[in-house]
Each structure stands twice: as structure tokens, then as C-alpha cells.
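Source file: final29.pdb. Holds: PDB, C-alpha atoms.
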ATOM      1  CA  MET A1289     -10.706  12.638 -10.285  1.00  0.00           C
ATOM      2  CA  THR A1290     -11.626  14.847 -13.206  1.00  0.00           C
ATOM      3  CA  ILE A1291     -11.338  13.120 -16.539  1.00  0.00           C
ATOM      4  CA  THR A1292     -11.249  15.189 -19.694  1.00  0.00           C
ATOM      5  CA  THR A1293     -10.986  14.203 -23.320  1.00  0.00           C
ATOM      6  CA  ALA A1294      -7.206  14.531 -22.970  1.00  0.00           C
ATOM      7  CA  ALA A1295      -5.203  11.349 -22.489  1.00  0.00           C
ATOM      8  CA  PRO A1296      -5.285  10.215 -18.854  1.00  0.00           C
ATOM      9  CA  ARG A1297      -1.961  10.783 -17.094  1.00  0.00           C
ATOM     10  CA  ILE A1298      -1.150   7.640 -15.142  1.00  0.00           C
ATOM     11  CA  ALA A1299       1.805   6.869 -12.882  1.00  0.00           C
ATOM     12  CA  LEU A1300       2.849   3.216 -12.690  1.00  0.00           C
ATOM     13  CA  ILE A1301       5.016   2.009  -9.802  1.00  0.00           C
ATOM     14  CA  ALA A1302       5.706  -1.508  -8.543  1.00  0.00           C
ATOM     15  CA  HIS A1303       7.891  -2.872  -5.794  1.00  0.00           C
ATOM     16  CA  ASP A1304      10.338  -5.597  -6.850  1.00  0.00           C
ATOM     17  CA  LYS A1305       8.087  -8.533  -5.928  1.00  0.00           C
ATOM     18  CA  LYS A1306       5.145  -6.860  -7.716  1.00  0.00           C
ATOM     19  CA  LYS A1307       6.825  -5.993 -11.019  1.00  0.00           C
ATOM     20  CA  ASP A1308       5.610  -9.169 -12.722  1.00  0.00           C
ATOM     21  CA  ASP A1309       2.069  -8.341 -11.575  1.00  0.00           C
ATOM     22  CA  MET A1310       2.443  -4.857 -13.070  1.00  0.00           C
ATOM     23  CA  ILE A1311       3.542  -6.304 -16.409  1.00  0.00           C
ATOM     24  CA  LEU A1312       0.560  -8.678 -16.453  1.00  0.00           C
ATOM     25  CA  LEU A1313      -1.829  -5.851 -15.513  1.00  0.00           C
ATOM     26  CA  ALA A1314      -0.399  -3.509 -18.132  1.00  0.00           C
ATOM     27  CA  ALA A1315      -0.590  -6.263 -20.761  1.00  0.00           C
ATOM     28  CA  GLU A1316      -4.264  -6.758 -19.875  1.00  0.00           C
ATOM     29  CA  TYR A1317      -4.945  -3.022 -20.377  1.00  0.00           C
ATOM     30  CA  ARG A1318      -2.309  -2.418 -23.041  1.00  0.00           C
ATOM     31  CA  ASP A1319      -4.688  -1.080 -25.704  1.00  0.00           C
ATOM     32  CA  PHE A1320      -5.999   1.537 -23.282  1.00  0.00           C
ATOM     33  CA  LEU A1321      -2.600   2.382 -21.790  1.00  0.00           C
ATOM     34  CA  GLN A1322      -1.154   3.053 -25.251  1.00  0.00           C
ATOM     35  CA  GLY A1323      -3.445   6.086 -25.411  1.00  0.00           C
ATOM     36  CA  CYS A1324      -2.407   7.399 -22.001  1.00  0.00           C
ATOM     37  CA  ALA A1325       0.457   9.604 -20.849  1.00  0.00           C
ATOM     38  CA  LEU A1326       2.438   7.190 -18.674  1.00  0.00           C
ATOM     39  CA  SER A1327       5.085   7.902 -16.070  1.00  0.00           C
ATOM     40  CA  ALA A1328       6.862   5.204 -14.106  1.00  0.00           C
ATOM     41  CA  THR A1329       9.737   4.670 -11.760  1.00  0.00           C
ATOM     42  CA  GLY A1330      12.974   3.324 -13.244  1.00  0.00           C
ATOM     43  CA  THR A1331      12.914  -0.454 -13.460  1.00  0.00           C
ATOM     44  CA  THR A1332       9.134  -0.676 -13.760  1.00  0.00           C
ATOM     45  CA  GLY A1333       9.210   1.821 -16.621  1.00  0.00           C
ATOM     46  CA  GLY A1334      12.010  -0.031 -18.336  1.00  0.00           C
ATOM     47  CA  ARG A1335      10.104  -3.291 -18.217  1.00  0.00           C
ATOM     48  CA  LEU A1336       6.913  -1.651 -19.510  1.00  0.00           C
ATOM     49  CA  ILE A1337       8.868  -0.233 -22.438  1.00  0.00           C
ATOM     50  CA  ASN A1338      10.927  -3.348 -23.218  1.00  0.00           C
ATOM     51  CA  GLU A1339       8.297  -6.027 -22.632  1.00  0.00           C
ATOM     52  CA  LEU A1340       5.108  -4.280 -23.788  1.00  0.00           C
ATOM     53  CA  GLY A1341       6.328  -1.508 -26.066  1.00  0.00           C
ATOM     54  CA  LEU A1342       4.526   1.183 -24.075  1.00  0.00           C
ATOM     55  CA  ASN A1343       5.617   4.802 -24.278  1.00  0.00           C
ATOM     56  CA  VAL A1344       6.647   5.648 -20.712  1.00  0.00           C
ATOM     57  CA  GLU A1345       8.377   8.655 -19.192  1.00  0.00           C
ATOM     58  CA  ARG A1346      10.856   6.991 -16.849  1.00  0.00           C
ATOM     59  CA  LYS A1347      11.817   8.520 -13.540  1.00  0.00           C
ATOM     60  CA  HIS A1348      14.513   7.360 -11.140  1.00  0.00           C
ATOM     61  CA  SER A1349      14.130   4.127  -9.248  1.00  0.00           C
ATOM     62  CA  GLY A1350      11.931   4.478  -6.161  1.00  0.00           C
ATOM     63  CA  PRO A1351      14.727   4.103  -3.592  1.00  0.00           C
ATOM     64  CA  VAL A1352      16.721   6.922  -5.204  1.00  0.00           C
ATOM     65  CA  GLY A1353      13.907   9.436  -5.537  1.00  0.00           C
ATOM     66  CA  GLY A1354      11.549   8.117  -8.216  1.00  0.00           C
ATOM     67  CA  ASP A1355       8.561   8.056  -5.856  1.00  0.00           C
ATOM     68  CA  LEU A1356       9.280  11.684  -4.985  1.00  0.00           C
ATOM     69  CA  GLN A1357       9.512  12.620  -8.666  1.00  0.00           C
ATOM     70  CA  ILE A1358       6.082  11.073  -9.275  1.00  0.00           C
ATOM     71  CA  GLY A1359       4.795  12.898  -6.190  1.00  0.00           C
ATOM     72  CA  SER A1360       6.062  16.188  -7.580  1.00  0.00           C
ATOM     73  CA  LEU A1361       4.173  15.621 -10.853  1.00  0.00           C
ATOM     74  CA  LEU A1362       1.069  14.778  -8.851  1.00  0.00           C
ATOM     75  CA  VAL A1363       1.293  17.925  -6.707  1.00  0.00           C
ATOM     76  CA  ASP A1364       1.739  20.005  -9.884  1.00  0.00           C
ATOM     77  CA  GLY A1365      -1.511  18.559 -11.264  1.00  0.00           C
ATOM     78  CA  LEU A1366       0.214  16.450 -13.926  1.00  0.00           C
ATOM     79  CA  ILE A1367      -0.982  13.003 -12.762  1.00  0.00           C
ATOM     80  CA  ASP A1368      -4.618  11.842 -12.832  1.00  0.00           C
ATOM     81  CA  CYS A1369      -4.138   8.524 -11.026  1.00  0.00           C
ATOM     82  CA  VAL A1370      -1.457   6.315  -9.529  1.00  0.00           C
ATOM     83  CA  ILE A1371      -1.168   2.560  -9.836  1.00  0.00           C
ATOM     84  CA  PHE A1372       1.305   1.622  -7.109  1.00  0.00           C
ATOM     85  CA  LEU A1373       1.584  -2.120  -6.632  1.00  0.00           C
ATOM     86  CA  ARG A1374       3.086  -2.270  -3.173  1.00  0.00           C
ATOM     87  CA  ASP A1375       4.647  -5.264  -1.465  1.00  0.00           C
ATOM     88  CA  PRO A1376       3.206  -5.162   2.058  1.00  0.00           C
ATOM     89  CA  MET A1377       5.326  -8.099   3.220  1.00  0.00           C
ATOM     90  CA  THR A1378       8.781  -6.675   2.490  1.00  0.00           C
ATOM     91  CA  PRO A1379      10.217  -3.688   4.378  1.00  0.00           C
ATOM     92  CA  GLN A1380      11.193  -0.886   2.006  1.00  0.00           C
ATOM     93  CA  PRO A1381      14.222   1.287   2.813  1.00  0.00           C
ATOM     94  CA  HIS A1382      12.483   4.316   1.305  1.00  0.00           C
ATOM     95  CA  GLU A1383       9.211   3.906   3.237  1.00  0.00           C
ATOM     96  CA  PRO A1384       9.042   7.655   4.060  1.00  0.00           C
ATOM     97  CA  ASP A1385       9.017   8.443   0.308  1.00  0.00           C
ATOM     98  CA  ILE A1386       6.285   5.857  -0.278  1.00  0.00           C
ATOM     99  CA  ASN A1387       4.195   7.314   2.527  1.00  0.00           C
ATOM    100  CA  ALA A1388       4.714  10.832   1.158  1.00  0.00           C
ATOM    101  CA  LEU A1389       3.467   9.763  -2.283  1.00  0.00           C
ATOM    102  CA  VAL A1390       0.373   8.031  -0.902  1.00  0.00           C
ATOM    103  CA  ARG A1391      -0.274  11.034   1.351  1.00  0.00           C
ATOM    104  CA  ALA A1392       0.011  13.386  -1.648  1.00  0.00           C
ATOM    105  CA  CYS A1393      -2.620  11.268  -3.425  1.00  0.00           C
ATOM    106  CA  ASP A1394      -4.922  11.703  -0.428  1.00  0.00           C
ATOM    107  CA  VAL A1395      -4.253  15.436  -0.085  1.00  0.00           C
ATOM    108  CA  HIS A1396      -4.836  16.093  -3.795  1.00  0.00           C
ATOM    109  CA  ASN A1397      -7.733  13.617  -4.150  1.00  0.00           C
ATOM    110  CA  ILE A1398      -5.912  11.470  -6.717  1.00  0.00           C
ATOM    111  CA  PRO A1399      -6.934   7.809  -7.006  1.00  0.00           C
ATOM    112  CA  CYS A1400      -4.166   5.503  -5.827  1.00  0.00           C
ATOM    113  CA  ALA A1401      -4.554   1.778  -6.449  1.00  0.00           C
ATOM    114  CA  THR A1402      -2.140  -0.263  -4.346  1.00  0.00           C
ATOM    115  CA  ASN A1403      -3.118  -3.761  -5.474  1.00  0.00           C
ATOM    116  CA  VAL A1404      -4.159  -5.423  -8.723  1.00  0.00           C
ATOM    117  CA  SER A1405      -7.869  -5.633  -7.862  1.00  0.00           C
ATOM    118  CA  THR A1406      -8.116  -1.925  -7.144  1.00  0.00           C
ATOM    119  CA  ALA A1407      -5.988  -1.115 -10.190  1.00  0.00           C
ATOM    120  CA  ARG A1408      -8.440  -3.019 -12.386  1.00  0.00           C
ATOM    121  CA  LEU A1409     -11.331  -1.031 -10.898  1.00  0.00           C
ATOM    122  CA  VAL A1410      -9.574   2.294 -11.527  1.00  0.00           C
ATOM    123  CA  LEU A1411      -8.501   1.402 -15.069  1.00  0.00           C
ATOM    124  CA  SER A1412     -11.948   0.034 -15.928  1.00  0.00           C
ATOM    125  CA  GLN A1413     -13.543   3.254 -14.682  1.00  0.00           C
ATOM    126  CA  LEU A1414     -11.126   5.347 -16.730  1.00  0.00           C
ATOM    127  CA  ILE A1415     -12.018   3.316 -19.812  1.00  0.00           C
ATOM    128  CA  SER A1416     -15.718   3.679 -19.093  1.00  0.00           C
ATOM    129  CA  VAL A1417     -15.503   7.443 -18.633  1.00  0.00           C
ATOM    130  CA  ARG A1418     -13.391   7.877 -21.765  1.00  0.00           C
ATOM    131  CA  SER A1419     -15.808   5.740 -23.790  1.00  0.00           C
ATOM    132  CA  ALA A1420     -18.750   7.866 -22.638  1.00  0.00           C
ATOM    133  CA  ALA A1421     -16.978  11.140 -23.553  1.00  0.00           C
TER
END

Please rewrite the model in this file as C-alpha cells.
Amino acid sequence: MTITTAAPRIALIAHDKKKDDMILLAAEYRDFLQGCALSATGTTGGRLINELGLNVERKHSGPVGGDLQIGSLLVDGLIDCVIFLRDPMTPQPHEPDINALVRACDVHNIPCATNVSTARLVLSQLISVRSAA
């Protein structure tokens, strides 16, 4: 991950049972996230906008192509990290899209946090790097 003085470009995605966790996480890091370029899948983005007042570029819902839209941004070099709070206990009908997004993160060496603990580590590191710049 290369961090510049430009605003970090972060994708935020959460499965249905993880959306509340995403809202709590984003509220915890709200001050930092307000200075970032945020993209999110449909419902997650809507909640981030409505509940926290964040400026978010909303994509489609994950099951109808939102994960692929985020993946396209990532492949084009327009995403610096992905926070994807996945629900490992519930089968997802669009699992191939999810796997493609995570694979794109691996191929393009983009950090991808899939749980709250890892998301906190990634966000804290972004804050630390930005503070040192």
C-alpha cells in the first residue's frame, strides 16, 4: 500500500449481519473517514451517509454487482484499501463476486480487512502514516 498526501481512497462493504458493525466502526473513525474518498456498496453506503453524515460514493448492492464495481475501481488503481466486513456464517448468493474482489485485492496488493479487528489495524495504520506525512 502506497500512501500519499492525497486523501486515502477506501472501499467500505458489509454483509447484512455486519452492517451494524460497520456503522460502529465508521463512527469510531468518523473524523478520519471524513477526510477520505469513500466508496461503498448500496445499503452500506446509504447507512453511512444517513446515520453518520459521511460523503460516500454509492455503488450497487453487492448481490447485483456492487462488489464487482468496487473491484473495477481497485483494478484501475482507484482504491487504496478495502474494509469488507464479511459474514462467514451465512451463505452469500454472490460468493463468486466476493471471491473475485478479495482475489483482486491479493493480485494488486491492496489491504483487505474482513473483520473489525483487522479493519481497526488498517485504519490505525492509515492514520499513523497520514499523521507522519

Exercise. Please write the residues picked by the PyMOL selection byres ((chain A and resi 1350) around 10) on this file as a VMD selection string.
Key: chain A and resid 1301 to 1303 1328 to 1332 1347 to 1349 1351 to 1358 1380 to 1383 1385 to 1386

Practice problem: Kindly indicate which residue among A:Leu1373, A:Leu1300, A:Ala1315, A:Ala1407 lies nearest to Glu1345 in chain A, using all atoms listed in the file for the distances. | Solution: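 Under the stated criterion, the closest residue is A:Leu1300.
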
Practice problem: For Asp1309 in chain A, list every protein, DNA or RNA residue within 12 Å, evaluated using all atoms listed in the file, and leave out those in the same chain fewer than 2 positions away; present the list as a PyMOL selection string. | Solution: chain A and resi 1300-1307+1311-1316+1332+1335-1336+1371-1375+1402-1405+1407-1408

Quiz item: In Å to one decimal, how far is CA of Cys1369 in chain A from CA of Leu1411 in chain A?
Solution: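 Taking CA of Leu1411 in chain A and CA of Cys1369 in chain A, their separation equals 9.3 Å.
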
Self-check item: Atomic separation - CA of Ser1360 in chain A relative to CA of Ala1388 in chain A, Å
Solution: 10.3 Å

Exercise. For the structure shown, which residues end up in the PyMOL selection byres ((chain A and resi 1296) around 9)? Put them as a ChimeraX atom specification, please?
Key: /A:1291-1295,1297-1298,1321,1323-1326,1367-1369,1414,1418

Could you write those residues out with C-alpha atoms, as a compact mmCIF listing (two decimals), in the coordinates of the input?
# COMPACT_ATOMS: atom_id res chain seq x y z
CA ILE A 1291 -11.34 13.12 -16.54
CA THR A 1292 -11.25 15.19 -19.69
CA THR A 1293 -10.99 14.20 -23.32
CA ALA A 1294 -7.21 14.53 -22.97
CA ALA A 1295 -5.20 11.35 -22.49
CA ARG A 1297 -1.96 10.78 -17.09
CA ILE A 1298 -1.15 7.64 -15.14
CA LEU A 1321 -2.60 2.38 -21.79
CA GLY A 1323 -3.44 6.09 -25.41
CA CYS A 1324 -2.41 7.40 -22.00
CA ALA A 1325 0.46 9.60 -20.85
CA LEU A 1326 2.44 7.19 -18.67
CA ILE A 1367 -0.98 13.00 -12.76
CA ASP A 1368 -4.62 11.84 -12.83
CA CYS A 1369 -4.14 8.52 -11.03
CA LEU A 1414 -11.13 5.35 -16.73
CA ARG A 1418 -13.39 7.88 -21.76

Quiz item: What is the CA of Asp1364 in chain A-CA of Ala1420 in chain A distance in Å, reported with one decimal?
Solution: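 It comes out at 27.0 Å.
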
Exercise. Go through A:Ile1415, A:Ala1401, A:Ala1421, A:Leu1361 one by one, measure the shortest atom-to-atom distance of each to Arg1318 in chain A using all atoms listed in the file, and give the residue with the smallest value.
Key: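 Under the stated criterion, the closest residue is A:Ile1415.
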
Quiz prompt | Nearest candidate to Val1410 in chain A (options A:Pro1379, A:Arg1391, A:Tyr1317, A:Gly1359; using all atoms listed in the file) | solution = A:Tyr1317
